[in-house]
There are 4 protein chains.
Amino acid sequence: MFGVLGGGEGWPRGGWAQRSGARLRAVAAHAIKAVCVVHNANSTGVTSDIAAVRRAIDAAGHPALLLVDTISGLASADYRHDEWGVDVTVSGSQKGLMLPPGISFNALSPKAIAASQTAKLPRAFWGWAEIIEANQNGYWPYTPNTNLLYGLSEALDMILGEGLDNVFARHQRLAKATRRAVRAWGLEIQCADPAVYSPVLTGVMMPDGVDADAVRKIIYERFDMSLGQALGKMRGRMFRIGHLGDCNDLTLMATLAGCEMGLKLAGVPVAGSGIAAAMDYLASHADTPILKAAA
Amino acid sequence: MFGVLGGGEGWPRGGWAQRSGARLRAVAAHAIKAVCVVHNANSTGVTSDIAAVRRAIDAAGHPALLLVDTISGLASADYRHDEWGVDVTVSGSQKGLMLPPGISFNALSPKAIAASQTAKLPRAFWGWAEIIEANQNGYWPYTPNTNLLYGLSEALDMILGEGLDNVFARHQRLAKATRRAVRAWGLEIQCADPAVYSPVLTGVMMPDGVDADAVRKIIYERFDMSLGQALGKMRGRMFRIGHLGDCNDLTLMATLAGCEMGLKLAGVPVAGSGIAAAMDYLASHADTPILKAAA
Amino acid sequence: MFGVLGGGEGWPRGGWAQRSGARLRAVAAHAIKAVCVVHNANSTGVTSDIAAVRRAIDAAGHPALLLVDTISGLASADYRHDEWGVDVTVSGSQKGLMLPPGISFNALSPKAIAASQTAKLPRAFWGWAEIIEANQNGYWPYTPNTNLLYGLSEALDMILGEGLDNVFARHQRLAKATRRAVRAWGLEIQCADPAVYSPVLTGVMMPDGVDADAVRKIIYERFDMSLGQALGKMRGRMFRIGHLGDCNDLTLMATLAGCEMGLKLAGVPVAGSGIAAAMDYLASHADTPILKAAA
Amino acid sequence: MFGVLGGGEGWPRGGWAQRSGARLRAVAAHAIKAVCVVHNANSTGVTSDIAAVRRAIDAAGHPALLLVDTISGLASADYRHDEWGVDVTVSGSQKGLMLPPGISFNALSPKAIAASQTAKLPRAFWGWAEIIEANQNGYWPYTPNTNLLYGLSEALDMILGEGLDNVFARHQRLAKATRRAVRAWGLEIQCADPAVYSPVLTGVMMPDGVDADAVRKIIYERFDMSLGQALGKMRGRMFRIGHLGDCNDLTLMATLAGCEMGLKLAGVPVAGSGIAAAMDYLASHADTPILKAAA
């Protein structure tokens with residue numbers, strides 16, 4: 001049995017329990033084999049404190065594995081597989097690594113590998129034995145997505161060239177400017193706790209009675225900009241602004257301008273200019289190293 | 001229980017039986033749920049008569065599903081999912097579709113979909129319910145490999161522009177010229193039955209005592225050409241010449257010239273010039289429509 | 001002798017007279033062989049009324065050829081070689097045609113071709129005889145820039161797909177929004193006559209004492225955006241905002257946001273928010289067909 | 001007055017004398033200002049000994065400038081602007097530099113620059129003053145072909161990565177193999193003197209009565225391979241095989257196979273197999289470093 005905290009689109013969906021009644025008894029009995037956490041929840045704009053989850057597991061003396069989905073967090077928000085004691089990390093190419101979709105990654109702790117060797121469940125994505133063996137000589141057991149591997153090499157050069165700390169600071173900067181804009185519009189951010197704001201995306205709540213998808217449609221048709229839809233029970237109540245990857249002050253300003261004009265065209269009452277608030281923030285915080293296009 | 005005929009690198013490897021003793025009993029009891037066949041065996045250069053397998057299943061009045069791997073056959077050799085009564089077809093982007101690796105495909109019969117709806121086994125790649133639903137509106141349940149979908153659209157334009165019959169005839173033509181070359185070298189083709197020669201690749205057997213991988217290494221190092229390694233029990237005894245996809249008379253001649261010079265450099269005794277034999281065939285069969293580079 | 005009106009970077013610079021004393025006498029004597037006009041002055045943001053120049057030449061009964069540089073105007077501003085009676089049109093790939101630099105074009109009237117056949121001056125770019133002959137069969141006398149010709153074919157598909165009238169309307173829309181922003185900043189536009197505002201670029205004058213190049217440098221270093229330098233006697237007194245080619249409302253907003261933040265960082269006093277003024281214009285003129293990215 | 005030795009497609013064609021009667025008198029009077037030589041004659045497959053031309057000019061005590069067209073020679077055949085005392089070298093992107101057509105280059109001696117400063121002839125391509133000034137700061141006086149400059153940087157990395165000596169040896173190797181093939185066919189090479197065989201291309205003479213262009217047409221239509229046409233008085237009497245740039249043993253074998261099959265299809269009697277002769281040469285000279293595709 002797995003225990004799932006939050007949810008992320010990168011996880012296989014079948015067979016993981018979320019029934020809270022049974023959960024406590026399962027914890028006590030060590031029936032729970034692994035704790036799954038989403039590092040950056042791409043559907044809500046919330047990050048999780050992975051190190052704290054690890055500490056809680058350890059404090060309980062519980063042997064569960066810690067499995068983390070950082071598909072939309074890796075290379076945008078600080079993440080430390082080894083230091084935080086994660087057993088399995090799952091990520092993908094199409095977010096902070098700035099590549100097309102097509103490859104995903106697992107990082108494994110020795111404990112995860114050991115567990116895998118004795119596990120009896122049928123596996124596809126999580127069947128690591130063959131790939132671990134082949135990787136030792138630089139090969140893959142099956143045909144890999146060779147083109148994206150070349151792209152990955154280039155993306156890593158770009159990220160390390162900018163500097164990981166600068167990459168993270170840039171994402172924080174753009175996220176802060178976005179939140180200034182949302183607040184200036186008088187709208188709510190879909191994340192109640194400022195301590196866990198995502199540096200990757202911001203969920204913008206619509207006032208009661210406004211259909212967020214109708215706003216998204218106007219922005220798409222009028223400004224050729226596609227904003228993320230809200231999922232699940234938030235559907236129609238908010239839209240998502242992404243500010244990750246190959247993104248800088250001016251691409252963010254274009255995005256926020258599209259939102260502000262779209263809100264106006266959709267008849268959503270806004271308190272003030274988000275654009276002005278974002279520019280105030282960016283122009284008065286002009287000390288962060290910036291991302292330059294390759295020469 | 002599945003019954004597997006032949007083997008192909010596209011299939012998940014865990015849990016399918018190949019024990020022939022139990023097989024007959026299982027057939028009698030209808031314990032076998034599906035027959036898996038590889039359309040074009042990429043490791044050996046052999047094709048299978050899929051329609052004949054279907055007829056045999058039907059003649060036995062057996063309810064088993066027919067599952068076919070045509071990863072390396074699709075768009076190079078004739079293949080007919082509906083007409084041949086296949087229940088599940090598996091293919092991929094990286095062979096006859098001329099794309100980088102990165103996407104694979106399933107074609108499903110109504111019978112396969114119905115079986116899937118009642119099946120209880122854990123599934124990843126074969127969990128079709130979500131994708132069937134999302135595809136109805138042109139979407140995917142998870143993030144698709146968008147770039148390869150654009151490439152696929154272009155590849156299909158190329159293939160349909162050349163004409164499927166012309167594509168198949170071109171592959172047959174190149175395969176025949178290759179076999180002429182192999183015979184002129186005095187070497188054996190790894191496929192005993194001419195009726196099932198693959199139009200996609202040709203396995204070239206080495207004389208006793210010659211290490212095929214040493215020949216491959218010389219050709220790679222000297223001519224920058226990478227030939228396919230033999231797998232399993234054929235390892236070291238043959239190499240594979242691919243003649244599929246975006247390939248024409250002259251790219252084949254380059255390939256065969258690299259093989260012929262490499263055989264000579266490796267000290268493999270050859271009976272005569274394979275190049276001359278291939279050119280004789282190609283120049284005297286100059287009526288096939290050819291593949292032209294896009295204008 | 002040529003008479004040159006205005007000036008443009010596309011013209012060979014040697015040997016054309018601009019001495020106004022001699023000019024009147026030359027006109028009277030028909031010593032002037034051609035009148036050269038720049039359709040869209042890329043260094044100033046001013047367009048010329050080509051049809052009016054033609055009418056003036058005709059009204060004077062003067063036989064001079066009319067030569068027009070529309071390097072930065074073609075495919076962004078309306079231009080009519082035949083209808084306006086132009087004899088030689090010069091253009092290039094790198095502006096409204098949205099291609100890299102590398103090819104330029106001449107359109108020729110029968111009168112220009114006839115004049116060329118009897119002219120005795122040494123010629124390089126304007127030596128048309130060989131290219132006219134070779135073009136009749138779809139060839140070139142020298143090695144053409146083949147890759148850009150493929151690009152040109154694609155660019156023309158894009159332009160004609162959007163519709164030339166829509167392309168021109170889009171450029172006018174973006175130019176108007178830009179001028180609203182400049183006026184809101186309280187700055188002057190480098191073009192005194194609104195009738196000849198360029199739809200391609202806008203020259204923004206700096207207040208006295210402000211070095212425009214210092215402002216440009218701050219914007220480049222802080223926002224990775226390169227604005228056009230002023231040339232000649234305007235050097236250091238203005239910068240140029242381009243709004244041409246593959247450009248839409250949001251790319252313009254990014255550009256204007258970079259300018260507004262850069263002006264603030266450079267300490268240039270601005271009267272108000274240009275961004276707000278531009279968004280007001282764009283959001284309240286939401287009826288123009290827009291440019292969509294290719295699907 | 002210029003004296004022109006040979007001819008090349010890269011030179012402006014107007015106004016240079018080739019009248020041999022007047023030439024001797026002009027030499028005596030130092031009326032000849034420059035000697036123009038083609039380093040690698042792309043239409044014939046002949047190279048010129050540039051250093052010998054320089055020595056002859058110097059031996060005669062003649063002040064003429066030495067101008068060299070190495071459009072098709074640069075980066076394929078050894079060439080030394082400074083060491084050989086060349087005054088003006090002209091080259092282009094589309095041959096040994098492996099780029100699309102679109103940029104050309106001039107290398108200038110101090111003597112050429114000095115002559116240019118006092119020359120009074122009208123100039124376009126050869127007007128160096130502005131570009132020399134702008135280049136000092138890394139700029140151009142007009143809009144350069146920026147994309148090809150990026151390509152050039154990459155091409156130079158490839159060439160220097162392989163090593164210039166290896167690049168030249170590879171071209172010589174491929175040229176020798178080609179000549180072996182031509183001789184095995186029993187055909188003549190269009191270059192009487194082996195000392196000046198071109199490493200870049202080989203002209204193949206047709207037997208009397210055979211239309212070379214008809215052979216070229218068959219090869220193009222049947223094998224999708226475009227061979228160079230003979231120009232001028234050789235028209236219809238030979239075709240040209242290029243073996244330059246990004247080219248290795250196997251691409252050459254493809255080319256020669258297309259020629260050999262095309263000759264057969266055109267009914268041209270050939271003495272023997274050129275392919276076999278070329279392979280004999282290549283396989284028995286397997287010590288040259290080879291060009292590997294980028295990893």
# chains A, B, ... in the order shown; residues from 1 in each chain; ligands from 1

call {"tool": "interface_residues", "arguments": {"of": "chain D", "to": "chain C", "cutoff": "6 Å", "atoms": "only C-alpha atoms", "output": "list in words"}}
result
Pro101, Gly102 and Asn145 of chain D

call {"tool": "select_by_dssp", "arguments": {"residues": "segment 22-116 of chain A", "states": "alpha helix (DSSP H)", "output": "MDAnalysis selection string"}}
result
chainID A and resid 22:28 50:59 110:116

call {"tool": "residues_around", "arguments": {"residues": "Glu260 of chain B", "least_positions_apart": "4", "cutoff": "10 Å", "atoms": "only C-alpha atoms", "output": "list in words"}}
result
Ala181, Val182, Trp185, Ile219, Ala254, Thr255, Leu256, Lys264, Leu265, Ala266, Val268, Val270, Gly272, Ser273, Gly274 and Ile275 of chain B; Met279 and Ala283 of chain D

call {"tool": "residues_around", "arguments": {"residues": "Asp224 of chain B", "least_positions_apart": "5", "cutoff": "10 Å", "atoms": "only C-alpha atoms", "output": "count of residues only"}}
result
11

call {"tool": "atom_distance", "arguments": {"atom1": "atom CA of Thr288 of chain C", "atom2": "atom CA of Asn166 of chain C"}}
result
7.8 Å
